[in-house]
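**Student:** The file below is structure22.txt, compact mmCIF, C-alpha atoms and all ligand atoms:
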# COMPACT_ATOMS: atom_id res chain seq x y z
CA MET H 13 -77.53 7.28 20.05
CA ALA H 14 -77.00 3.66 21.04
CA SER H 15 -74.58 1.77 18.80
CA GLY H 16 -76.62 -1.45 18.56
CA PRO H 17 -78.90 -2.44 15.70
CA ALA H 18 -81.39 0.13 14.40
CA ILE H 19 -84.13 -2.49 14.58
CA ALA H 20 -84.06 -5.76 16.51
CA LEU H 21 -86.97 -8.18 16.66
CA LYS H 22 -86.72 -11.30 18.75
CA ASP H 23 -89.27 -14.13 18.51
CA VAL H 24 -92.05 -11.73 17.54
CA HIS H 25 -95.53 -13.18 17.24
CA LEU H 26 -98.68 -11.32 16.30
CA THR H 27 -102.26 -12.44 15.85
CA LEU H 28 -104.83 -9.97 14.50
CA GLY H 29 -108.60 -10.13 14.07
CA ASP H 30 -111.05 -11.84 16.36
CA GLY H 31 -113.36 -14.84 16.48
CA ALA H 32 -113.34 -16.80 13.24
CA GLY H 33 -111.31 -14.01 11.59
CA LYS H 34 -108.32 -14.50 13.86
CA VAL H 35 -105.06 -14.82 11.93
CA HIS H 36 -101.69 -15.77 13.40
CA ILE H 37 -99.72 -13.48 11.09
CA LEU H 38 -96.18 -13.23 12.50
CA LYS H 39 -94.80 -16.53 13.77
CA GLY H 40 -91.54 -16.01 15.58
CA ILE H 41 -89.71 -13.28 13.67
CA ASP H 42 -86.02 -12.85 14.54
CA LEU H 43 -84.40 -10.00 12.68
CA GLU H 44 -81.68 -7.42 13.21
CA ILE H 45 -81.14 -4.45 10.93
CA GLU H 46 -77.97 -2.43 11.31
CA PRO H 47 -78.15 1.40 11.37
CA GLY H 48 -77.88 3.34 8.14
CA THR H 49 -78.55 0.41 5.82
CA SER H 50 -81.36 -0.24 3.35
CA VAL H 51 -83.43 -3.40 3.49
CA GLY H 52 -85.94 -4.60 0.91
CA LEU H 53 -88.67 -6.81 2.41
CA VAL H 54 -90.06 -9.17 -0.19
CA GLY H 55 -92.38 -12.17 -0.21
CA PRO H 56 -95.76 -13.36 -1.44
CA SER H 57 -98.93 -11.34 -0.92
CA GLY H 58 -100.40 -12.12 2.50
CA SER H 59 -97.08 -13.31 3.95
CA GLY H 60 -97.09 -10.62 6.66
CA LYS H 61 -94.81 -7.94 5.22
CA SER H 62 -97.07 -4.97 5.98
CA THR H 63 -97.80 -6.31 9.45
CA LEU H 64 -94.08 -6.67 10.10
CA LEU H 65 -93.53 -3.04 9.08
CA MET H 66 -96.32 -1.94 11.41
CA VAL H 67 -94.60 -3.73 14.28
CA MET H 68 -91.27 -2.07 13.42
CA ALA H 69 -93.04 1.31 13.25
CA GLY H 70 -94.70 0.82 16.64
CA LEU H 71 -98.16 0.92 15.06
CA GLU H 72 -98.91 -2.66 16.09
CA ARG H 73 -97.72 -4.29 19.28
CA ALA H 74 -96.25 -7.78 19.30
CA ASP H 75 -98.21 -10.36 21.34
CA LYS H 76 -94.97 -12.10 22.25
CA GLY H 77 -91.28 -11.37 21.81
CA THR H 78 -89.35 -8.11 21.95
CA VAL H 79 -89.05 -5.18 19.58
CA HIS H 80 -86.21 -2.66 19.84
CA VAL H 81 -86.14 0.35 17.54
CA ALA H 82 -83.36 2.97 17.68
CA GLY H 83 -82.25 1.55 21.01
CA THR H 84 -85.68 1.69 22.67
CA GLU H 85 -87.73 -1.37 23.63
CA LEU H 86 -91.25 -0.62 22.43
CA GLY H 87 -93.14 -3.22 24.48
CA PRO H 88 -93.12 -1.40 27.83
CA LEU H 89 -94.10 2.02 26.38
CA SER H 90 -97.57 3.43 27.06
CA GLU H 91 -99.71 4.45 24.08
CA ASP H 92 -98.72 8.10 24.58
CA GLN H 93 -95.03 7.24 24.87
CA LEU H 94 -95.27 5.05 21.80
CA ALA H 95 -96.93 7.84 19.78
CA GLN H 96 -94.23 10.25 20.90
CA PHE H 97 -91.51 7.74 20.06
CA ARG H 98 -92.95 7.21 16.56
CA GLY H 99 -93.23 10.93 15.96
CA GLN H 100 -89.56 11.49 16.75
CA ASN H 101 -87.92 8.36 15.36
CA VAL H 102 -89.95 6.78 12.59
CA GLY H 103 -91.03 8.13 9.20
CA ILE H 104 -93.64 6.11 7.35
CA ILE H 105 -94.61 6.14 3.67
CA PHE H 106 -97.66 4.22 2.43
CA GLN H 107 -98.66 3.05 -1.03
CA SER H 108 -101.73 5.30 -0.97
CA PHE H 109 -100.00 8.43 0.38
CA HIS H 110 -102.30 8.92 3.44
CA LEU H 111 -102.21 12.72 3.33
CA VAL H 112 -104.80 14.74 5.25
CA PRO H 113 -107.17 15.90 2.46
CA ASN H 114 -108.20 19.24 3.97
CA MET H 115 -104.64 20.35 4.66
CA THR H 116 -102.24 21.91 2.16
CA ALA H 117 -98.93 20.25 1.31
CA LEU H 118 -97.20 22.62 3.72
CA GLU H 119 -99.66 21.89 6.52
CA ASN H 120 -99.38 18.13 5.98
CA VAL H 121 -95.61 18.23 6.26
CA ALA H 122 -95.69 20.55 9.28
CA VAL H 123 -97.96 18.22 11.28
CA PRO H 124 -95.27 15.95 12.79
CA LEU H 125 -93.22 18.98 13.83
CA GLU H 126 -96.21 20.80 15.30
CA LEU H 127 -97.06 17.68 17.31
CA ALA H 128 -93.52 17.81 18.69
CA GLY H 129 -94.00 21.49 19.61
CA ASP H 130 -91.44 22.75 17.10
CA THR H 131 -91.93 26.51 16.68
CA ALA H 132 -90.09 26.42 13.34
CA ALA H 133 -92.50 23.80 11.95
CA PHE H 134 -93.57 25.73 8.86
CA SER H 135 -90.16 26.94 7.76
CA LYS H 136 -88.72 23.43 8.16
CA ALA H 137 -91.71 21.95 6.31
CA GLN H 138 -91.18 24.41 3.47
CA ALA H 139 -87.47 23.52 3.22
CA GLU H 140 -88.32 19.80 3.14
CA LEU H 141 -90.90 20.34 0.38
CA GLU H 142 -88.36 22.36 -1.60
CA ALA H 143 -85.88 19.49 -1.18
CA VAL H 144 -88.32 17.07 -2.84
CA GLY H 145 -88.96 19.53 -5.68
CA LEU H 146 -92.32 20.84 -4.50
CA GLY H 147 -91.47 24.43 -3.65
CA HIS H 148 -94.17 25.47 -6.13
CA ARG H 149 -96.89 23.34 -4.53
CA LEU H 150 -96.77 24.51 -0.90
CA HIS H 151 -100.36 25.71 -0.76
CA HIS H 152 -101.97 23.03 -2.91
CA TYR H 153 -104.30 20.44 -1.43
CA PRO H 154 -103.74 16.71 -2.06
CA ALA H 155 -106.64 16.52 -4.54
CA GLN H 156 -104.96 19.25 -6.60
CA MET H 157 -101.75 17.24 -6.98
CA SER H 158 -100.73 14.21 -9.07
CA GLY H 159 -100.01 10.88 -7.38
CA GLY H 160 -96.28 11.44 -7.70
CA GLU H 161 -96.55 14.89 -6.14
CA GLN H 162 -98.66 13.52 -3.29
CA GLN H 163 -96.07 10.84 -2.63
CA ARG H 164 -93.34 13.50 -2.59
CA VAL H 165 -95.34 15.33 0.07
CA ALA H 166 -95.56 12.06 2.00
CA VAL H 167 -91.78 11.59 1.69
CA ALA H 168 -91.21 15.15 2.93
CA ARG H 169 -93.57 14.54 5.84
CA ALA H 170 -91.76 11.32 6.73
CA LEU H 171 -88.32 12.96 6.59
CA VAL H 172 -89.06 16.31 8.21
CA VAL H 173 -88.45 15.05 11.75
CA GLU H 174 -85.08 13.57 10.69
CA PRO H 175 -86.18 10.07 11.73
CA ALA H 176 -83.67 7.33 12.49
CA ILE H 177 -85.91 4.86 10.67
CA LEU H 178 -87.69 5.34 7.36
CA ILE H 179 -90.32 2.72 6.58
CA ALA H 180 -92.13 2.42 3.27
CA ASP H 181 -94.88 -0.03 2.30
CA GLU H 182 -94.91 -0.49 -1.48
CA PRO H 183 -94.23 3.25 -1.94
CA THR H 184 -94.30 3.03 -5.73
CA GLY H 185 -97.28 0.67 -6.01
CA ASN H 186 -99.68 3.40 -7.17
CA LEU H 187 -97.24 5.24 -9.44
CA ASP H 188 -96.06 4.83 -13.01
CA GLU H 189 -92.51 3.63 -13.47
CA THR H 190 -90.85 7.00 -14.08
CA THR H 191 -92.62 8.67 -11.16
CA GLY H 192 -91.95 5.67 -8.95
CA ASN H 193 -88.25 5.82 -9.75
CA GLN H 194 -88.15 9.48 -8.73
CA ILE H 195 -89.71 8.63 -5.37
CA VAL H 196 -87.24 5.78 -4.87
CA GLU H 197 -84.38 8.14 -5.70
CA LEU H 198 -85.60 10.58 -3.04
CA MET H 199 -85.77 7.86 -0.42
CA PHE H 200 -82.32 6.48 -1.15
CA ARG H 201 -80.84 9.96 -1.28
CA ALA H 202 -82.23 10.64 2.20
CA GLN H 203 -81.04 7.27 3.45
CA GLU H 204 -77.49 7.92 2.25
CA ALA H 205 -77.21 11.62 3.08
CA ARG H 206 -78.71 11.39 6.56
CA GLY H 207 -77.63 7.88 7.53
CA THR H 208 -81.27 6.85 7.91
CA THR H 209 -82.16 3.17 8.16
CA LEU H 210 -84.52 2.40 5.30
CA VAL H 211 -86.86 -0.59 5.31
CA LEU H 212 -89.17 -0.95 2.36
CA VAL H 213 -91.65 -3.53 1.15
CA THR H 214 -91.71 -3.99 -2.59
CA HIS H 215 -92.90 -6.35 -5.30
CA ASP H 216 -90.41 -4.81 -7.71
CA PRO H 217 -87.28 -7.00 -8.00
CA GLY H 218 -85.35 -4.02 -9.41
CA LEU H 219 -86.16 -1.91 -6.38
CA ALA H 220 -85.36 -4.75 -3.98
CA ALA H 221 -82.00 -5.15 -5.72
CA GLN H 222 -81.18 -1.49 -5.01
CA CYS H 223 -81.31 -2.20 -1.29
CA ALA H 224 -78.14 -3.22 0.54
CA ARG H 225 -79.95 -6.31 1.79
CA THR H 226 -83.05 -8.29 0.83
CA VAL H 227 -85.09 -10.09 3.48
CA ARG H 228 -87.63 -12.65 2.31
CA VAL H 229 -90.81 -13.31 4.30
CA ARG H 230 -93.02 -16.35 3.84
CA SER H 231 -96.12 -17.31 5.88
CA GLY H 232 -95.19 -15.02 8.75
CA GLU H 233 -91.62 -16.28 9.04
CA ILE H 234 -88.29 -15.06 7.73
CA GLU H 235 -87.35 -17.36 4.89
CA ASP H 236 -84.10 -15.60 3.98
CA TRP H 237 -82.28 -13.06 6.15
CA GLY H 238 -80.17 -11.53 3.42
CA GLN H 239 -76.58 -11.24 4.68
CA PRO H 240 -76.47 -10.61 8.44
CA ARG H 241 -78.15 -13.54 10.13
CA ALA H 242 -80.34 -12.41 13.04
CA MET H 243 -78.67 -12.37 16.45
CA ALA H 244 -75.28 -13.14 14.97
CA GLY H 245 -72.58 -10.76 13.80
CA ALA H 246 -71.31 -7.61 15.47
CA GLY H 247 -74.15 -7.25 17.99
CA ALA H 248 -73.57 -10.67 19.53
CA GLN H 249 -69.79 -10.31 19.63
CA ALA H 250 -69.70 -6.85 21.20
P1 LIG I 301 -98.55 -8.66 3.05
O1 LIG I 301 -98.26 -7.22 3.32
O2 LIG I 301 -97.33 -9.52 2.99
O3 LIG I 301 -99.38 -8.85 1.82
P2 LIG I 301 -100.16 -8.51 5.46
O4 LIG I 301 -99.20 -8.24 6.56
O5 LIG I 301 -100.95 -7.36 4.97
O6 LIG I 301 -99.40 -9.25 4.27
O7 LIG I 301 -101.20 -9.61 5.91
C1 LIG I 301 -100.79 -10.92 6.31
C2 LIG I 301 -102.01 -11.75 6.60
O8 LIG I 301 -102.69 -11.25 7.73
C3 LIG I 301 -103.03 -11.78 5.48
O9 LIG I 301 -103.58 -13.06 5.43
C4 LIG I 301 -104.05 -10.76 5.94
O10 LIG I 301 -105.32 -11.05 5.42
C5 LIG I 301 -104.03 -10.93 7.44
N1 LIG I 301 -104.38 -9.69 8.16
C6 LIG I 301 -103.75 -8.49 8.04
N2 LIG I 301 -104.29 -7.58 8.87
C7 LIG I 301 -105.29 -8.22 9.54
C8 LIG I 301 -106.24 -7.84 10.56
N3 LIG I 301 -106.27 -6.59 11.06
N4 LIG I 301 -107.10 -8.78 10.99
C9 LIG I 301 -107.07 -10.04 10.52
N5 LIG I 301 -106.21 -10.46 9.58
C10 LIG I 301 -105.34 -9.59 9.08
MG MG I 302 -98.76 -5.52 2.30
Could you take the file, read its structure, and then write that structure out as C-alpha cells?
Ligand code: ADP
Ligand code: MG
**Tutor:**
Amino acid sequence: MASGPAIALKDVHLTLGDGAGKVHILKGIDLEIEPGTSVGLVGPSGSGKSTLLMVMAGLERADKGTVHVAGTELGPLSEDQLAQFRGQNVGIIFQSFHLVPNMTALENVAVPLELAGDTAAFSKAQAELEAVGLGHRLHHYPAQMSGGEQQRVAVARALVVEPAILIADEPTGNLDETTGNQIVELMFRAQEARGTTLVLVTHDPGLAAQCARTVRVRSGEIEDWGQPRAMAGAGAQA
C-alpha cells in the first residue's frame, strides 16, 4: 500500500441540508493522519465531528477540497466505486450499533464479506465473532443480545474485512462504563495487532487520552491538531 498518510484532508468544506436548514458544517479542514495510529476527535456537540468522520469514511462527499483515504482520492470515484472502496478499506462503528435486526450476529458480520464475493464469508465471520468473545452468540438476533454484545458484533463486522481505517463515532456512548471499556479494549487491540488506523469521536476524556493523538474540532474547523501539524512533517519532506 502507498506509504503516505492513511487519511489526508485538504481544505475540506461541506454544507448539508437545504433551504433555510442549510448548514455550513465543515469550513476548511486540513488534516493528515499517519497510518497505524489512533486519533481521538473531540470538541463541543454540533462542532462537526460526526460529519468529519462521514467524510473520512466516504459516506459524505466534500463540496470543496480533497479527501485521500488509504492512498485513494475519494472525490473522483463514482457511487459504486465509493461503496466498493468503503467495503474494502473502512470499518465503521456507530454509537447505536446499526445492526440489521432480522439477521443473526453471524449474518450481520458476514455481510461485508458477502458483498465482496468472499466464499469464506461465514467461516471468517465466525472467527471474528469468536475473537470478540461472542462464539456463543452466533445465531442470536440483535434484539436477543445486550448493548455490549451488539456493539461487539458491530466491532466484528467492522474488522472482518481487515480494513486499513477503523472509524468509530462515540462507540461507548450507549454503554455502561465497564462494557464500554471492553469495547474500547477490543478496538485498540485490533488497531495495534493489525496496524489499523483508528479514528474515534468521544466525549470521554479518559478515552481520548488513550489515543496516540487528540484532535480538537470547533465550529467546523480544527482548533488543535494534536502533534503532527497538517501538511507538515514526513509527508511534506518526502
Ligand atoms: P457533532 O458530531 O460534533 O456533534 P455533527 O457533525 O453531527 O456534530 O453536526 C454539526 C452541525 O451540522 C450541527 O449543527 C448539526 O445540526 C448540523 N447537521 C448535521 N447533519 C446535518 C444535515 N444532514 N443537514 C443539516 N444540518 C446538519
Ligand atoms: Mg456527533
**Student:** Pick out the closest residue to ligand LIG 301 (chain I) from this set: H:Ile105, H:Ala155, H:Ile195, H:Val67. Count all atoms listed in the file.
**Tutor:**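 For ligand LIG 301 (chain I), the nearest of the given residues is H:Val67.
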**Student:** Please write out the residues within 12 Å of ligand LIG 301 (chain I) as a ChimeraX atom specification, counting all atoms listed in the file.
**Tutor:** /H:26-39,53-67,71-72,106-107,180-182,212-215,228-234
**Student:** Please save C-alpha atoms of the selected residues as a PDB file, in the frame of the given file.
**Tutor:**
ATOM      1  CA  LEU H  26     -98.680 -11.320  16.300  1.00  0.00           C
ATOM      2  CA  THR H  27    -102.260 -12.440  15.850  1.00  0.00           C
ATOM      3  CA  LEU H  28    -104.830  -9.970  14.500  1.00  0.00           C
ATOM      4  CA  GLY H  29    -108.600 -10.130  14.070  1.00  0.00           C
ATOM      5  CA  ASP H  30    -111.050 -11.840  16.360  1.00  0.00           C
ATOM      6  CA  GLY H  31    -113.360 -14.840  16.480  1.00  0.00           C
ATOM      7  CA  ALA H  32    -113.340 -16.800  13.240  1.00  0.00           C
ATOM      8  CA  GLY H  33    -111.310 -14.010  11.590  1.00  0.00           C
ATOM      9  CA  LYS H  34    -108.320 -14.500  13.860  1.00  0.00           C
ATOM     10  CA  VAL H  35    -105.060 -14.820  11.930  1.00  0.00           C
ATOM     11  CA  HIS H  36    -101.690 -15.770  13.400  1.00  0.00           C
ATOM     12  CA  ILE H  37     -99.720 -13.480  11.090  1.00  0.00           C
ATOM     13  CA  LEU H  38     -96.180 -13.230  12.500  1.00  0.00           C
ATOM     14  CA  LYS H  39     -94.800 -16.530  13.770  1.00  0.00           C
ATOM     15  CA  LEU H  53     -88.670  -6.810   2.410  1.00  0.00           C
ATOM     16  CA  VAL H  54     -90.060  -9.170  -0.190  1.00  0.00           C
ATOM     17  CA  GLY H  55     -92.380 -12.170  -0.210  1.00  0.00           C
ATOM     18  CA  PRO H  56     -95.760 -13.360  -1.440  1.00  0.00           C
ATOM     19  CA  SER H  57     -98.930 -11.340  -0.920  1.00  0.00           C
ATOM     20  CA  GLY H  58    -100.400 -12.120   2.500  1.00  0.00           C
ATOM     21  CA  SER H  59     -97.080 -13.310   3.950  1.00  0.00           C
ATOM     22  CA  GLY H  60     -97.090 -10.620   6.660  1.00  0.00           C
ATOM     23  CA  LYS H  61     -94.810  -7.940   5.220  1.00  0.00           C
ATOM     24  CA  SER H  62     -97.070  -4.970   5.980  1.00  0.00           C
ATOM     25  CA  THR H  63     -97.800  -6.310   9.450  1.00  0.00           C
ATOM     26  CA  LEU H  64     -94.080  -6.670  10.100  1.00  0.00           C
ATOM     27  CA  LEU H  65     -93.530  -3.040   9.080  1.00  0.00           C
ATOM     28  CA  MET H  66     -96.320  -1.940  11.410  1.00  0.00           C
ATOM     29  CA  VAL H  67     -94.600  -3.730  14.280  1.00  0.00           C
ATOM     30  CA  LEU H  71     -98.160   0.920  15.060  1.00  0.00           C
ATOM     31  CA  GLU H  72     -98.910  -2.660  16.090  1.00  0.00           C
ATOM     32  CA  PHE H 106     -97.660   4.220   2.430  1.00  0.00           C
ATOM     33  CA  GLN H 107     -98.660   3.050  -1.030  1.00  0.00           C
ATOM     34  CA  ALA H 180     -92.130   2.420   3.270  1.00  0.00           C
ATOM     35  CA  ASP H 181     -94.880  -0.030   2.300  1.00  0.00           C
ATOM     36  CA  GLU H 182     -94.910  -0.490  -1.480  1.00  0.00           C
ATOM     37  CA  LEU H 212     -89.170  -0.950   2.360  1.00  0.00           C
ATOM     38  CA  VAL H 213     -91.650  -3.530   1.150  1.00  0.00           C
ATOM     39  CA  THR H 214     -91.710  -3.990  -2.590  1.00  0.00           C
ATOM     40  CA  HIS H 215     -92.900  -6.350  -5.300  1.00  0.00           C
ATOM     41  CA  ARG H 228     -87.630 -12.650   2.310  1.00  0.00           C
ATOM     42  CA  VAL H 229     -90.810 -13.310   4.300  1.00  0.00           C
ATOM     43  CA  ARG H 230     -93.020 -16.350   3.840  1.00  0.00           C
ATOM     44  CA  SER H 231     -96.120 -17.310   5.880  1.00  0.00           C
ATOM     45  CA  GLY H 232     -95.190 -15.020   8.750  1.00  0.00           C
ATOM     46  CA  GLU H 233     -91.620 -16.280   9.040  1.00  0.00           C
ATOM     47  CA  ILE H 234     -88.290 -15.060   7.730  1.00  0.00           C
TER      48      ILE H 234
END
**Student:** Hey, what's within 9 Å of region 83-92 of chain H if we count only C-alpha atoms and toss same-chain stuff fewer than 5 positions away? As a list in words, please?
**Tutor:**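 The residues that qualify are Met13, Ala14, Ser15, Gly16, Pro17, Ala18, Ile19, Ala20, Gly70, Arg73, Ala74, Gly77, Thr78 and Phe97 of chain H.
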**Student:** For the atom pair CA of Gln203 (chain H) and CA of Ser50 (chain H), what is the interatomic distance in Å to one decimal place?
**Tutor:**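 It comes out at 7.5 Å.
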**Student:** Give me the residues within 8 Å of Arg225 (chain H) as a compact mmCIF listing (two decimals) with C-alpha atoms, in the coordinates of the input, counting all atoms listed in the file and dropping any in the same chain fewer than 3 places off.
**Tutor:**
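New file result-v3.txt:
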# COMPACT_ATOMS: atom_id res chain seq x y z
CA THR H 49 -78.55 0.41 5.82
CA SER H 50 -81.36 -0.24 3.35
CA VAL H 51 -83.43 -3.40 3.49
CA GLY H 52 -85.94 -4.60 0.91
CA ALA H 221 -82.00 -5.15 -5.72
CA GLY H 238 -80.17 -11.53 3.42
CA GLN H 239 -76.58 -11.24 4.68
**Student:** Applying 12 Å and all atoms listed in the file, which residues near Thr209 (chain H) remain after dropping the ones on its own chain fewer than 2 positions away? List them as a compact mmCIF listing (two decimals) with C-alpha atoms, in the frame of the given file.
**Tutor:**
# COMPACT_ATOMS: atom_id res chain seq x y z
CA PRO H 17 -78.90 -2.44 15.70
CA ALA H 18 -81.39 0.13 14.40
CA ILE H 19 -84.13 -2.49 14.58
CA GLU H 44 -81.68 -7.42 13.21
CA ILE H 45 -81.14 -4.45 10.93
CA GLU H 46 -77.97 -2.43 11.31
CA PRO H 47 -78.15 1.40 11.37
CA GLY H 48 -77.88 3.34 8.14
CA THR H 49 -78.55 0.41 5.82
CA SER H 50 -81.36 -0.24 3.35
CA VAL H 51 -83.43 -3.40 3.49
CA GLY H 52 -85.94 -4.60 0.91
CA MET H 68 -91.27 -2.07 13.42
CA VAL H 81 -86.14 0.35 17.54
CA ALA H 82 -83.36 2.97 17.68
CA ASN H 101 -87.92 8.36 15.36
CA VAL H 102 -89.95 6.78 12.59
CA GLY H 103 -91.03 8.13 9.20
CA ILE H 104 -93.64 6.11 7.35
CA LEU H 171 -88.32 12.96 6.59
CA GLU H 174 -85.08 13.57 10.69
CA PRO H 175 -86.18 10.07 11.73
CA ALA H 176 -83.67 7.33 12.49
CA ILE H 177 -85.91 4.86 10.67
CA LEU H 178 -87.69 5.34 7.36
CA ILE H 179 -90.32 2.72 6.58
CA ALA H 180 -92.13 2.42 3.27
CA MET H 199 -85.77 7.86 -0.42
CA PHE H 200 -82.32 6.48 -1.15
CA ARG H 201 -80.84 9.96 -1.28
CA ALA H 202 -82.23 10.64 2.20
CA GLN H 203 -81.04 7.27 3.45
CA GLU H 204 -77.49 7.92 2.25
CA ALA H 205 -77.21 11.62 3.08
CA ARG H 206 -78.71 11.39 6.56
CA GLY H 207 -77.63 7.88 7.53
CA VAL H 211 -86.86 -0.59 5.31
CA LEU H 212 -89.17 -0.95 2.36
CA CYS H 223 -81.31 -2.20 -1.29
CA ALA H 224 -78.14 -3.22 0.54
CA ARG H 225 -79.95 -6.31 1.79
**Student:** Counting only C-alpha atoms, write as a list in words all protein and nucleic acid residues lying at most 9 Å from (-95.1, -15.1, 24.1) in the file's frame.
**Tutor:**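 Checking each residue against the 9 Å limit leaves Asp23, Val24, His25, Ala74, Asp75, Lys76 and Gly77 of chain H.
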**Student:** Go ahead and compute the interatomic distance for CA of Ser158 (chain H) and CA of Ala128 (chain H), in Å to one decimal.
**Tutor:**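 About the pair CA of Ser158 (chain H) and CA of Ala128 (chain H): they are 28.9 Å apart.
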**Student:** Which is closer to ligand MG 302 (chain I) than all the others in H:Ala220, H:Gln100, H:Leu43, H:Gly185, using all atoms listed in the file?
**Tutor:**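 Among H:Ala220, H:Gln100, H:Leu43, H:Gly185, it is H:Gly185 that comes nearest to ligand MG 302 (chain I).
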**Student:** Would you compute the distance between CA of Gly218 (chain H) and CA of Glu161 (chain H)? Give it in Å to one decimal.
**Tutor:**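 That distance, rounded to one decimal, is 22.2 Å.
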**Student:** Taking into account only C-alpha atoms and all ligand atoms, which residue in the set H:Pro183, H:Gln222, H:Val167, H:Leu141 is nearest to ligand MG 302 (chain I)?
**Tutor:**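 Between H:Pro183, H:Gln222, H:Val167, H:Leu141, the residue approaching ligand MG 302 (chain I) most closely is H:Pro183.
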**Student:** Let me have the centre and edge lengths in Å, one decimal, of the box along x, y and z around every listed atom of region 71-76 of chain H with 5 Å of margin on each side, as lines of an AutoDock Vina configuration file.
**Tutor:**
center_x = -96.9
center_y = -5.6
center_z = 18.7
size_x = 13.9
size_y = 23.0
size_z = 17.2
**Student:** Measuring atom to atom with only C-alpha atoms and all ligand atoms, identify which of H:Ala137, H:Pro217, H:Ser108, H:Asn114 is nearest to ligand MG 302 (chain I).
**Tutor:** H:Ser108
**Student:** Using all atoms listed in the file, which residues sit within 12 Å of region 129-131 of chain H once same-chain residues fewer than 6 positions away are excluded, as number ranges by chain?
**Tutor:** H: 96, 99-100, 122-123, 137, 172-173
**Student:** Neighbouring residues of Ala117 (chain H) were defined as those with any atom within 9 Å, considering only C-alpha atoms; residues of the same chain fewer than 2 positions away were excluded. Please report them as a ChimeraX atom specification.
**Tutor:** /H:111-112,115,119-122,137,141,146,149-154,162,165-166
**Student:** Would you please work out which residue, of H:Glu235, H:Arg169, H:Glu189, H:Gly147, is nearest to Glu126 (chain H) when using only C-alpha atoms?
**Tutor:**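 Distance minimum relative to Glu126 (chain H) lands on H:Arg169.
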